[in-house]
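*Asks:* coords.txt is the file, holding compact mmCIF, C-alpha atoms and all ligand atoms:
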```
# COMPACT_ATOMS: atom_id res chain seq x y z
CA MET A 421 -45.18 -11.77 -15.64
CA GLY A 422 -44.89 -13.75 -12.42
CA GLU A 423 -42.65 -12.75 -9.53
CA ARG A 424 -40.00 -15.27 -10.52
CA GLU A 425 -39.84 -14.13 -14.15
CA GLU A 426 -39.59 -10.53 -12.99
CA LEU A 427 -36.68 -11.38 -10.75
CA VAL A 428 -34.89 -13.29 -13.51
CA GLU A 429 -35.45 -10.47 -16.00
CA GLU A 430 -34.19 -7.95 -13.48
CA LEU A 431 -30.99 -9.97 -12.97
CA ARG A 432 -30.36 -11.05 -16.55
CA TRP A 433 -27.49 -9.13 -18.19
CA LYS A 434 -27.08 -6.95 -15.11
CA LYS A 435 -23.33 -6.52 -14.78
CA PHE A 436 -22.11 -6.84 -11.22
CA PRO A 437 -18.69 -5.20 -11.14
CA VAL A 438 -15.71 -7.12 -9.78
CA LEU A 439 -12.11 -5.82 -9.52
CA ASP A 440 -11.34 -2.73 -11.58
CA ASP A 441 -12.86 -3.78 -14.89
CA GLY A 442 -14.36 -7.23 -14.43
CA PHE A 443 -17.94 -8.30 -14.00
CA VAL A 444 -20.29 -11.23 -13.67
CA CYS A 445 -23.81 -11.31 -15.04
CA LEU A 446 -26.57 -13.83 -15.27
CA VAL A 447 -27.40 -15.02 -18.78
CA ASP A 448 -29.86 -17.79 -18.02
CA VAL A 449 -31.19 -19.86 -15.19
CA MET A 450 -32.99 -23.18 -15.17
CA GLY A 451 -34.98 -24.04 -12.07
CA ASP A 452 -35.35 -22.60 -8.60
CA ASP A 453 -35.50 -23.91 -5.03
CA SER A 454 -38.53 -25.99 -5.93
CA SER A 455 -36.60 -27.87 -8.67
CA VAL A 456 -34.39 -29.31 -5.94
CA VAL A 457 -37.42 -30.33 -3.92
CA GLN A 458 -39.20 -31.78 -6.94
CA ALA A 459 -36.18 -33.93 -7.83
CA ALA A 460 -35.73 -35.12 -4.27
CA ARG A 461 -39.38 -36.14 -4.00
CA VAL A 462 -38.99 -38.37 -7.04
CA SER A 463 -36.28 -40.31 -5.24
CA TYR A 464 -37.76 -40.29 -1.77
CA GLY A 465 -41.39 -40.68 -2.75
CA ALA A 466 -44.52 -38.64 -2.22
CA GLY A 467 -44.46 -39.46 1.49
CA THR A 468 -41.69 -36.92 1.97
CA LYS A 469 -44.22 -34.17 1.45
CA LYS A 470 -45.97 -35.11 4.65
CA VAL A 471 -42.96 -35.20 6.88
CA SER A 472 -41.10 -32.17 5.71
CA ASP A 473 -41.81 -28.87 4.09
CA ASP A 474 -39.67 -27.65 1.21
CA ARG A 475 -37.25 -25.68 3.33
CA THR A 476 -36.69 -28.53 5.76
CA LEU A 477 -36.13 -30.93 2.88
CA ILE A 478 -33.58 -28.67 1.15
CA ARG A 479 -31.74 -28.18 4.42
CA TYR A 480 -31.72 -31.92 5.07
CA LEU A 481 -30.39 -32.66 1.57
CA LEU A 482 -27.59 -30.14 1.89
CA ARG A 483 -26.67 -31.21 5.39
CA HIS A 484 -26.45 -34.84 4.38
CA ARG A 485 -24.76 -34.20 1.01
CA HIS A 486 -27.60 -35.68 -1.01
CA THR A 487 -26.25 -33.90 -4.01
CA THR A 488 -28.12 -35.00 -7.13
CA PRO A 489 -31.31 -32.93 -6.55
CA PHE A 490 -29.10 -29.82 -6.68
CA GLU A 491 -27.91 -30.86 -10.13
CA MET A 492 -31.43 -30.27 -11.47
CA ALA A 493 -30.97 -26.50 -11.47
CA GLU A 494 -28.44 -24.67 -13.60
CA ILE A 495 -27.17 -21.17 -14.20
CA LYS A 496 -25.29 -19.64 -17.10
CA ILE A 497 -23.26 -16.53 -16.47
CA LEU A 498 -21.04 -14.23 -18.48
CA VAL A 499 -17.81 -13.30 -16.75
CA ARG A 500 -15.04 -10.83 -17.46
CA VAL A 501 -12.02 -11.86 -15.47
CA PRO A 502 -8.21 -11.44 -15.57
CA MET A 503 -6.36 -14.42 -17.03
CA ASP A 504 -4.56 -15.31 -13.77
CA CYS A 505 -7.85 -15.56 -11.93
CA TRP A 506 -9.44 -17.40 -14.85
CA ARG A 507 -6.66 -19.96 -14.70
CA GLN A 508 -7.83 -20.93 -11.21
CA TRP A 509 -11.48 -20.75 -12.19
CA ILE A 510 -11.13 -23.03 -15.18
CA ARG A 511 -9.79 -25.85 -12.98
CA HIS A 512 -13.41 -26.52 -12.08
CA ARG A 513 -14.09 -29.12 -14.72
CA THR A 514 -17.77 -29.62 -14.10
CA ALA A 515 -18.81 -26.41 -15.88
CA ASN A 516 -19.40 -25.82 -19.58
CA VAL A 517 -17.28 -23.03 -20.96
CA ASN A 518 -17.00 -20.88 -24.06
CA GLU A 519 -14.20 -18.35 -23.87
CA TYR A 520 -13.34 -15.30 -25.94
CA SER A 521 -10.69 -16.32 -28.48
CA THR A 522 -7.59 -14.18 -28.80
CA ARG A 523 -6.56 -16.29 -31.79
CA TYR A 524 -9.68 -15.20 -33.62
CA SER A 525 -10.14 -11.70 -32.19
CA VAL A 526 -7.88 -8.96 -30.95
CA ALA A 527 -7.30 -9.39 -27.20
CA ILE A 528 -9.55 -7.42 -24.87
CA ASP A 529 -7.86 -4.08 -24.40
CA SER A 530 -7.94 -4.12 -20.63
CA ALA A 531 -5.61 -5.45 -17.96
CA GLN A 532 -6.40 -5.57 -14.27
CA THR A 533 -4.55 -2.86 -12.40
CA THR A 534 -3.69 -2.69 -8.73
CA ARG A 535 -4.12 0.46 -6.69
CA PRO A 536 -1.22 1.59 -4.45
CA ASP A 537 -3.20 0.59 -1.36
CA GLU A 538 -4.01 -2.90 -2.68
CA TRP A 539 -0.57 -4.58 -2.83
CA ARG A 540 -0.31 -7.47 -0.36
CA SER A 541 2.78 -8.98 1.24
CA GLN A 542 3.59 -12.69 1.06
CA ALA A 543 1.96 -14.51 3.97
CA ALA A 544 4.49 -15.67 6.54
CA SER A 545 2.51 -18.73 7.64
CA ASN A 546 1.02 -19.88 4.35
CA ARG A 547 3.15 -20.25 1.24
CA GLN A 548 0.12 -19.84 -1.00
CA GLY A 549 -1.44 -16.81 0.61
CA SER A 550 -1.18 -13.09 1.19
CA GLY A 551 -0.32 -11.33 4.41
CA GLU A 552 -0.70 -7.71 5.43
CA LEU A 553 -1.14 -4.84 3.00
CA LEU A 554 2.16 -3.25 1.99
CA PRO A 555 2.80 0.39 2.86
CA THR A 556 1.26 2.81 0.36
CA ASP A 557 4.57 4.47 -0.60
CA MET A 558 5.82 1.07 -1.70
CA GLY A 559 2.43 0.47 -3.36
CA GLU A 560 2.81 3.67 -5.38
CA LYS A 561 6.09 2.41 -6.83
CA LEU A 562 4.56 -0.99 -7.58
CA THR A 563 1.55 0.55 -9.30
CA ALA A 564 3.75 2.88 -11.35
CA SER A 565 5.90 -0.02 -12.56
CA GLU A 566 2.76 -2.03 -13.29
CA GLN A 567 1.48 0.80 -15.49
CA GLU A 568 4.81 0.96 -17.33
CA LEU A 569 4.81 -2.78 -17.92
CA HIS A 570 1.20 -2.82 -19.13
CA ALA A 571 1.90 0.09 -21.51
CA LEU A 572 4.92 -1.75 -22.92
CA THR A 573 3.14 -5.07 -23.43
CA LYS A 574 0.17 -3.27 -24.98
CA SER A 575 2.30 -1.28 -27.44
CA THR A 576 4.35 -4.39 -28.29
CA TYR A 577 1.17 -6.35 -28.96
CA GLU A 578 -0.32 -3.61 -31.12
CA ALA A 579 2.95 -3.18 -33.06
CA ARG A 580 3.04 -6.92 -33.77
CA LEU A 581 -0.51 -6.82 -35.11
CA GLU A 582 0.32 -3.83 -37.28
CA MET A 583 3.30 -5.72 -38.69
CA GLY A 584 0.99 -8.56 -39.64
CA VAL A 585 1.92 -11.05 -36.92
CA ALA A 586 -0.84 -13.63 -36.37
CA ARG A 587 -3.07 -12.79 -33.39
CA GLU A 588 -2.37 -16.23 -31.89
CA GLN A 589 1.35 -15.41 -31.76
CA ALA A 590 1.20 -11.68 -31.11
CA ARG A 591 -0.60 -12.28 -27.80
CA LYS A 592 2.12 -14.38 -26.20
CA ASP A 593 3.62 -11.60 -24.09
CA LEU A 594 0.39 -10.05 -22.90
CA PRO A 595 0.28 -10.02 -19.10
CA LEU A 596 -1.74 -12.50 -17.06
CA ALA A 597 -3.65 -9.44 -15.89
CA THR A 598 -5.33 -9.19 -19.32
CA TYR A 599 -9.07 -9.62 -19.07
CA THR A 600 -10.86 -12.44 -20.83
CA GLU A 601 -14.58 -13.11 -21.15
CA ALA A 602 -16.43 -16.40 -21.05
CA TYR A 603 -19.83 -17.95 -20.79
CA TRP A 604 -19.86 -20.34 -17.87
CA LYS A 605 -22.71 -22.79 -17.29
CA ILE A 606 -22.86 -25.03 -14.26
CA ASP A 607 -25.40 -26.95 -12.21
CA LEU A 608 -26.23 -25.81 -8.72
CA HIS A 609 -24.45 -28.67 -6.97
CA ASN A 610 -21.15 -28.02 -8.71
CA LEU A 611 -21.62 -24.28 -8.38
CA LEU A 612 -21.95 -24.62 -4.60
CA HIS A 613 -18.80 -26.75 -4.63
CA PHE A 614 -17.00 -24.04 -6.61
CA LEU A 615 -18.28 -21.34 -4.26
CA SER A 616 -17.34 -23.26 -1.13
CA LEU A 617 -13.74 -23.58 -2.37
CA ARG A 618 -13.41 -20.15 -3.90
CA MET A 619 -15.21 -18.07 -1.26
CA ASP A 620 -13.05 -19.68 1.37
CA VAL A 621 -10.31 -17.66 3.07
CA HIS A 622 -7.68 -19.96 1.56
CA ALA A 623 -8.61 -18.92 -1.98
CA GLN A 624 -6.93 -15.95 -3.62
CA GLN A 625 -8.56 -12.60 -2.88
CA GLU A 626 -9.39 -11.86 -6.53
CA ILE A 627 -11.28 -15.11 -7.19
CA ARG A 628 -12.96 -14.70 -3.80
CA ASP A 629 -14.29 -11.37 -5.03
CA TYR A 630 -15.79 -13.08 -8.06
CA SER A 631 -17.27 -16.01 -6.20
CA ARG A 632 -18.74 -13.81 -3.47
CA THR A 633 -20.39 -11.67 -6.14
CA ILE A 634 -21.81 -14.72 -7.92
CA GLY A 635 -23.03 -16.15 -4.63
CA GLU A 636 -24.51 -13.06 -3.07
CA GLN A 637 -25.78 -11.21 -6.14
CA ILE A 638 -26.98 -14.10 -8.29
CA VAL A 639 -27.36 -17.40 -6.42
CA LYS A 640 -28.83 -15.93 -3.24
CA PRO A 641 -31.79 -14.15 -4.89
CA LEU A 642 -32.44 -17.00 -7.34
CA PHE A 643 -32.20 -19.83 -4.81
CA PRO A 644 -32.84 -18.21 -1.41
CA VAL A 645 -33.57 -21.40 0.51
CA VAL A 646 -30.63 -23.29 -0.95
CA TRP A 647 -28.40 -20.30 -0.24
CA GLU A 648 -29.51 -20.12 3.37
CA ALA A 649 -28.75 -23.83 3.81
CA PHE A 650 -25.41 -23.43 2.02
CA GLU A 651 -24.39 -20.64 4.41
CA ASP A 652 -25.48 -22.64 7.45
CA TYR A 653 -24.14 -26.06 6.52
CA ARG A 654 -21.23 -25.36 4.18
CA MET A 655 -19.74 -21.90 4.51
CA GLY A 656 -20.58 -21.51 8.18
CA ALA A 657 -19.79 -25.10 9.10
CA MET A 658 -16.66 -26.46 10.67
CA PHE A 659 -15.14 -29.85 9.96
CA LEU A 660 -13.80 -31.71 12.97
CA THR A 661 -11.54 -34.70 12.38
CA ARG A 662 -11.32 -37.69 14.70
CA LEU A 663 -8.10 -36.25 16.07
CA ASP A 664 -9.81 -32.90 16.74
CA ARG A 665 -12.76 -34.53 18.48
CA GLU A 666 -10.63 -36.75 20.66
CA LEU A 667 -8.39 -33.83 21.60
CA ILE A 668 -11.42 -31.76 22.65
CA ALA A 669 -12.67 -34.62 24.80
CA ARG A 670 -9.26 -35.00 26.49
CA LEU A 671 -8.96 -31.26 26.97
CA MET A 672 -12.39 -30.96 28.59
CA GLN A 673 -11.65 -33.89 30.84
CA SER A 674 -8.18 -32.88 32.01
CA ALA A 675 -8.82 -29.15 32.31
CA GLY A 676 -12.16 -29.87 33.97
CA LYS A 677 -10.45 -32.05 36.56
CA GLU A 678 -8.16 -29.14 37.40
CA GLY A 679 -11.20 -26.90 37.80
CA LYS A 680 -10.30 -24.74 34.79
CA THR A 681 -12.90 -23.16 32.55
CA PRO A 682 -12.64 -22.29 28.86
CA PRO A 683 -10.92 -20.72 27.10
CA TYR A 684 -8.06 -23.04 27.96
CA SER A 685 -4.44 -22.05 27.38
CA LYS A 686 -2.14 -23.10 24.58
CA ALA A 687 -0.16 -25.09 27.19
CA ASP A 688 -3.32 -27.01 28.15
CA PHE A 689 -3.93 -27.69 24.46
CA LEU A 690 -0.39 -28.93 23.90
CA THR A 691 -0.56 -31.23 26.92
CA VAL A 692 -3.41 -33.20 25.37
CA GLN A 693 -2.36 -32.93 21.71
CA ASP A 694 -2.41 -35.99 19.53
CA GLU A 695 0.46 -38.44 20.11
CA THR A 696 1.56 -38.19 16.47
CA TRP A 697 2.01 -34.40 16.74
CA LYS A 698 4.05 -34.39 19.94
CA GLU A 699 7.49 -34.85 18.38
CA LEU A 700 6.86 -32.32 15.61
CA LYS A 701 8.27 -28.82 15.92
CA ARG A 702 5.96 -27.50 13.21
CA CYS A 703 2.67 -29.23 12.53
CA ARG A 704 0.10 -27.72 10.23
CA GLU A 705 -2.63 -30.06 11.39
CA ARG A 706 -2.03 -29.06 15.02
CA ASP A 707 -2.17 -25.37 14.04
CA GLU A 708 -5.41 -25.97 12.15
CA CYS A 709 -6.87 -27.78 15.15
CA PHE A 710 -5.86 -24.95 17.47
CA GLY A 711 -7.46 -22.46 15.06
CA LYS A 712 -10.74 -24.39 15.10
CA LEU A 713 -10.79 -24.54 18.88
CA GLN A 714 -10.02 -20.82 19.03
CA ARG A 715 -13.01 -20.09 16.82
CA LEU A 716 -15.14 -22.20 19.14
CA GLY A 717 -13.90 -20.28 22.16
CA ILE A 718 -12.44 -23.45 23.69
CA VAL A 719 -8.82 -22.20 23.67
CA ALA A 720 -7.17 -18.81 23.56
CA GLU A 721 -3.63 -17.83 22.52
C1 LIG A 801 -7.18 -22.82 -2.18
C2 LIG A 801 -6.85 -23.65 -3.38
C3 LIG A 801 -5.53 -23.90 -3.71
C4 LIG A 801 -5.23 -24.69 -4.83
N1 LIG A 801 -3.91 -24.90 -5.16
C5 LIG A 801 -3.61 -25.62 -6.26
C6 LIG A 801 -2.26 -25.86 -6.65
O1 LIG A 801 -1.34 -25.39 -5.98
N2 LIG A 801 -2.03 -26.58 -7.78
C7 LIG A 801 -3.03 -27.10 -8.53
O2 LIG A 801 -2.76 -27.75 -9.54
N3 LIG A 801 -4.32 -26.90 -8.18
C8 LIG A 801 -4.64 -26.18 -7.09
N4 LIG A 801 -5.95 -25.98 -6.76
C9 LIG A 801 -6.99 -26.53 -7.63
C10 LIG A 801 -7.65 -27.77 -7.01
O3 LIG A 801 -6.73 -28.81 -6.80
C11 LIG A 801 -8.80 -28.25 -7.89
O4 LIG A 801 -8.28 -28.63 -9.14
C12 LIG A 801 -9.84 -27.18 -8.14
O5 LIG A 801 -10.19 -26.53 -6.94
C13 LIG A 801 -11.07 -27.80 -8.76
O6 LIG A 801 -11.69 -28.58 -7.77
P1 LIG A 801 -12.53 -29.87 -8.12
O7 LIG A 801 -11.71 -30.81 -8.94
O8 LIG A 801 -13.08 -30.38 -6.85
O9 LIG A 801 -13.70 -29.19 -8.97
P2 LIG A 801 -14.43 -29.70 -10.29
O10 LIG A 801 -13.47 -29.88 -11.39
O11 LIG A 801 -15.58 -28.75 -10.52
O12 LIG A 801 -15.01 -31.08 -9.91
C14 LIG A 801 -16.04 -31.19 -8.93
C15 LIG A 801 -16.00 -32.59 -8.39
O13 LIG A 801 -16.31 -33.50 -9.46
C16 LIG A 801 -15.52 -34.64 -9.34
N5 LIG A 801 -14.69 -34.76 -10.55
C17 LIG A 801 -14.58 -33.87 -11.56
N6 LIG A 801 -13.80 -34.33 -12.52
C18 LIG A 801 -13.37 -35.54 -12.11
C19 LIG A 801 -12.51 -36.51 -12.66
N7 LIG A 801 -11.95 -36.37 -13.84
N8 LIG A 801 -12.28 -37.61 -11.94
C20 LIG A 801 -12.85 -37.81 -10.75
N9 LIG A 801 -13.69 -36.93 -10.17
C21 LIG A 801 -13.94 -35.81 -10.85
C22 LIG A 801 -14.70 -34.52 -8.09
O14 LIG A 801 -15.40 -35.07 -7.01
C23 LIG A 801 -14.63 -33.03 -7.88
O15 LIG A 801 -14.42 -32.64 -6.54
C24 LIG A 801 -6.27 -25.21 -5.64
C25 LIG A 801 -7.60 -24.98 -5.28
C26 LIG A 801 -7.91 -24.21 -4.17
C27 LIG A 801 -9.35 -23.96 -3.82
```
As a first step, turn the structure in this file into structure tokens.

*Replies:*
Amino acid sequence: MGEREELVEELRWKKFPVLDDGFVCLVDVMGDDSSVVQAARVSYGAGTKKVSDDRTLIRYLLRHRHTTPFEMAEIKILVRVPMDCWRQWIRHRTANVNEYSTRYSVAIDSAQTTRPDEWRSQAASNRQGSGELLPTDMGEKLTASEQELHALTKSTYEARLEMGVAREQARKDLPLATYTEAYWKIDLHNLLHFLSLRMDVHAQQEIRDYSRTIGEQIVKPLFPVVWEAFEDYRMGAMFLTRLDRELIARLMQSAGKEGKTPPYSKADFLTVQDETWKELKRCRERDECFGKLQRLGIVAE
């Protein structure tokens, strides 16, 4: 067996745990880093071989969003995931899916539970996100009531089945925390798109846990060169808009004239902000821009 086959065999069916009772595991893989290179060389011609080695070519393709060569590789995974997380996952339409049927079979007897130290507050700044962790004494109450609720929905479900209610109807009050399982097959291009959205800090923590596991435990070993480029040019990259760029230029110029050095103050930033932001009390785009400049060390709060 070659090195590649050994790696694939080692990974196949290996369950990487996620959350309290979820997992992801590789079922099949088609292609490797060289499949991307091979496809690209068909479009760009044999000459490419001379000017760039495989790594350089992959990095170029990813940097410049030449996406189709990445569609030549595919992975199929089996996932066990709570329904609420799966609801977000399934929005990615470019995958092929077969999900466990709770019309046909009895629902998986497992619901995701939350430990007392895992409850998160509502984020103050972002309506979609979480803020700080809640105090553990509050968490204990929340976990206890979660257990009660899960026990009630489980016993109600089981009683309905015993009374002969159809599985498709009996399930209707099961919590969104109930685990489901699915085969999920996707090409590498669309997988990277999924990972870039779902590993991002704006995604919900639970789906981030899944996508990070898929990325780091499965994609990284199977496609090391693509993964390296993905981390450099997608996950580790920063997108600057025209407004951001022009603001930076103005900031450098005006602060430079005054002999200031970075990091510049929030007041300096506001002085050169975009004209269209000036009248706004709250402006998400301005906040985002400030955040980017903070990460670059150009401004400080
Ligand atoms: C942080 C976050 C918050 C979100 N909040 C919400 C929300 O509040 N409400 C909500 O409804 N959704 C929400 N979504 C889901 C989001 O709008 C997308 O539906 C989801 O992320 C799938 O992205 P996608 O369509 O790019 O992916 P895929 O479905 O995998 O598609 C990949 C790409 O293929 C192309 N494509 C696929 N299908 C089509 C098509 N039919 N027509 C044209 N192009 C197509 C597009 O270029 C697309 O980007 C959220 C997503 C994230 C990451």

*Asks:* Select all residues near (-21.4, -11.7, -15.3) (cut-off 7 Å, inclusive, file coordinates), counting only C-alpha atoms, and output them as an NGL selection string.

*Replies:* :A and (435-436 or 443-446 or 497-500)

*Asks:* For a quick check of understanding, using all atoms listed in the file, which of A:Arg591, A:Arg618, A:Arg483, A:Arg511 has the smallest distance to A:Arg632?

*Replies:*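 Smallest distance to A:Arg632 is found for A:Arg618.
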
*Asks:* How many Å lie between atom CA of A:Pro683 and atom CA of A:Gln714, rounded to one decimal?

*Replies:*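 So the answer is 8.1 Å.
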
*Asks:* Which is closer to A:Glu578 than all the others in A:Gln693, A:Leu594, A:Leu700, A:Val449, using only C-alpha atoms?

*Replies:*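 Ranking A:Gln693, A:Leu594, A:Leu700, A:Val449 by distance to A:Glu578, first place goes to A:Leu594.
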
*Asks:* In Å, rounded to a single decimal, give me how far atom CA of A:Trp506 is from atom O2 of ligand LIG 801 (chain A).

*Replies:* 13.4 Å

*Asks:* Can you write out as a tab-separated table which residues of chain A fall within 6 Å of ligand LIG 801 (chain A), alongside each residue's closest atom pair and its distance in Å to one decimal, counting all atoms listed in the file and ordering rows by chain and ascending residue number?

*Replies:*
```
residue	atom	partner	partner_atom	distance
A:Arg511	CA	A:LIG801	C13	4.8
A:His512	CA	A:LIG801	O10	3.4
A:Arg513	CA	A:LIG801	O10	3.5
A:Thr514	CA	A:LIG801	O11	4.3
A:Asn610	CA	A:LIG801	O11	5.9
A:Leu617	CA	A:LIG801	C27	4.6
A:Arg618	CA	A:LIG801	C27	5.6
A:His622	CA	A:LIG801	C1	4.7
A:Ala623	CA	A:LIG801	C1	4.2
```

*Asks:* Please measure the separation of atom CA of A:Cys505 and atom CA of A:Ala531, giving the value in Å to one decimal.

*Replies:*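 These atoms are spaced 12.0 Å apart.
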
*Asks:* Nearest to A:Arg461: which of A:Ile478, A:Leu569, A:Leu562, A:Leu713 is it, counting only C-alpha atoms?

*Replies:*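 Among A:Ile478, A:Leu569, A:Leu562, A:Leu713, it is A:Ile478 that comes nearest to A:Arg461.
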
*Asks:* Give me the residues within 8 Å of stretch 664-666 of chain A as a PyMOL selection string, counting all atoms listed in the file and dropping any in the same chain fewer than 4 places off.

*Replies:* chain A and resi 660+670+709

*Asks:* Residues around (1.3, 0.4, -2.0), cut-off 7 Å, counting all atoms listed in the file - what are they as a list of chain:residue names?

*Replies:* A:Pro536, A:Asp537, A:Glu538, A:Trp539, A:Leu554, A:Pro555, A:Thr556, A:Asp557, A:Met558, A:Gly559, A:Glu560, A:Leu562

*Asks:* Under the rule that all atoms listed in the file are counted, which of A:Val645, A:Val692, A:Leu596, A:Ala657 is the nearest residue to A:Ser616?

*Replies:*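 Comparing A:Val645, A:Val692, A:Leu596, A:Ala657 against A:Ser616, the winner is A:Ala657.
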
*Asks:* When distances are computed from all atoms listed in the file, which of A:Ala515, A:Cys703, A:Val646, A:Ile634 shows the smallest separation from A:Trp604?

*Replies:*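 Between A:Ala515, A:Cys703, A:Val646, A:Ile634, the residue approaching A:Trp604 most closely is A:Ala515.
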
*Asks:* May I ask which of the residues A:Gln589, A:Gln567, A:Gln637, A:Thr598 is the closest one to A:Val428, counting all atoms listed in the file?

*Replies:* A:Gln637

*Asks:* Excluding A:Ala687 and its own-chain neighbours fewer than 5 positions away, which residues fall within 12 Å of it when counting all atoms listed in the file? Please give them as JSON, numbers by chain.

*Replies:* {"A": [671, 675, 692, 693, 710, 719, 720, 721]}

*Asks:* Would you kindly return, as a ChimeraX atom specification, each protein, DNA or RNA residue with an atom no farther than 9 Å from any atom of A:Asp474, considering all atoms listed in the file and excluding same-chain residues fewer than 5 positions away?

*Replies:* /A:453-454,457,469,479,645

*Asks:* Show which residues sit within 12 Å of A:Tyr480, as a PyMOL selection string. Count all atoms listed in the file, and ignore same-chain residues fewer than 2 positions away.

*Replies:* chain A and resi 456-457+460+468+471-478+482-487+489+645-646+649-650+652-653
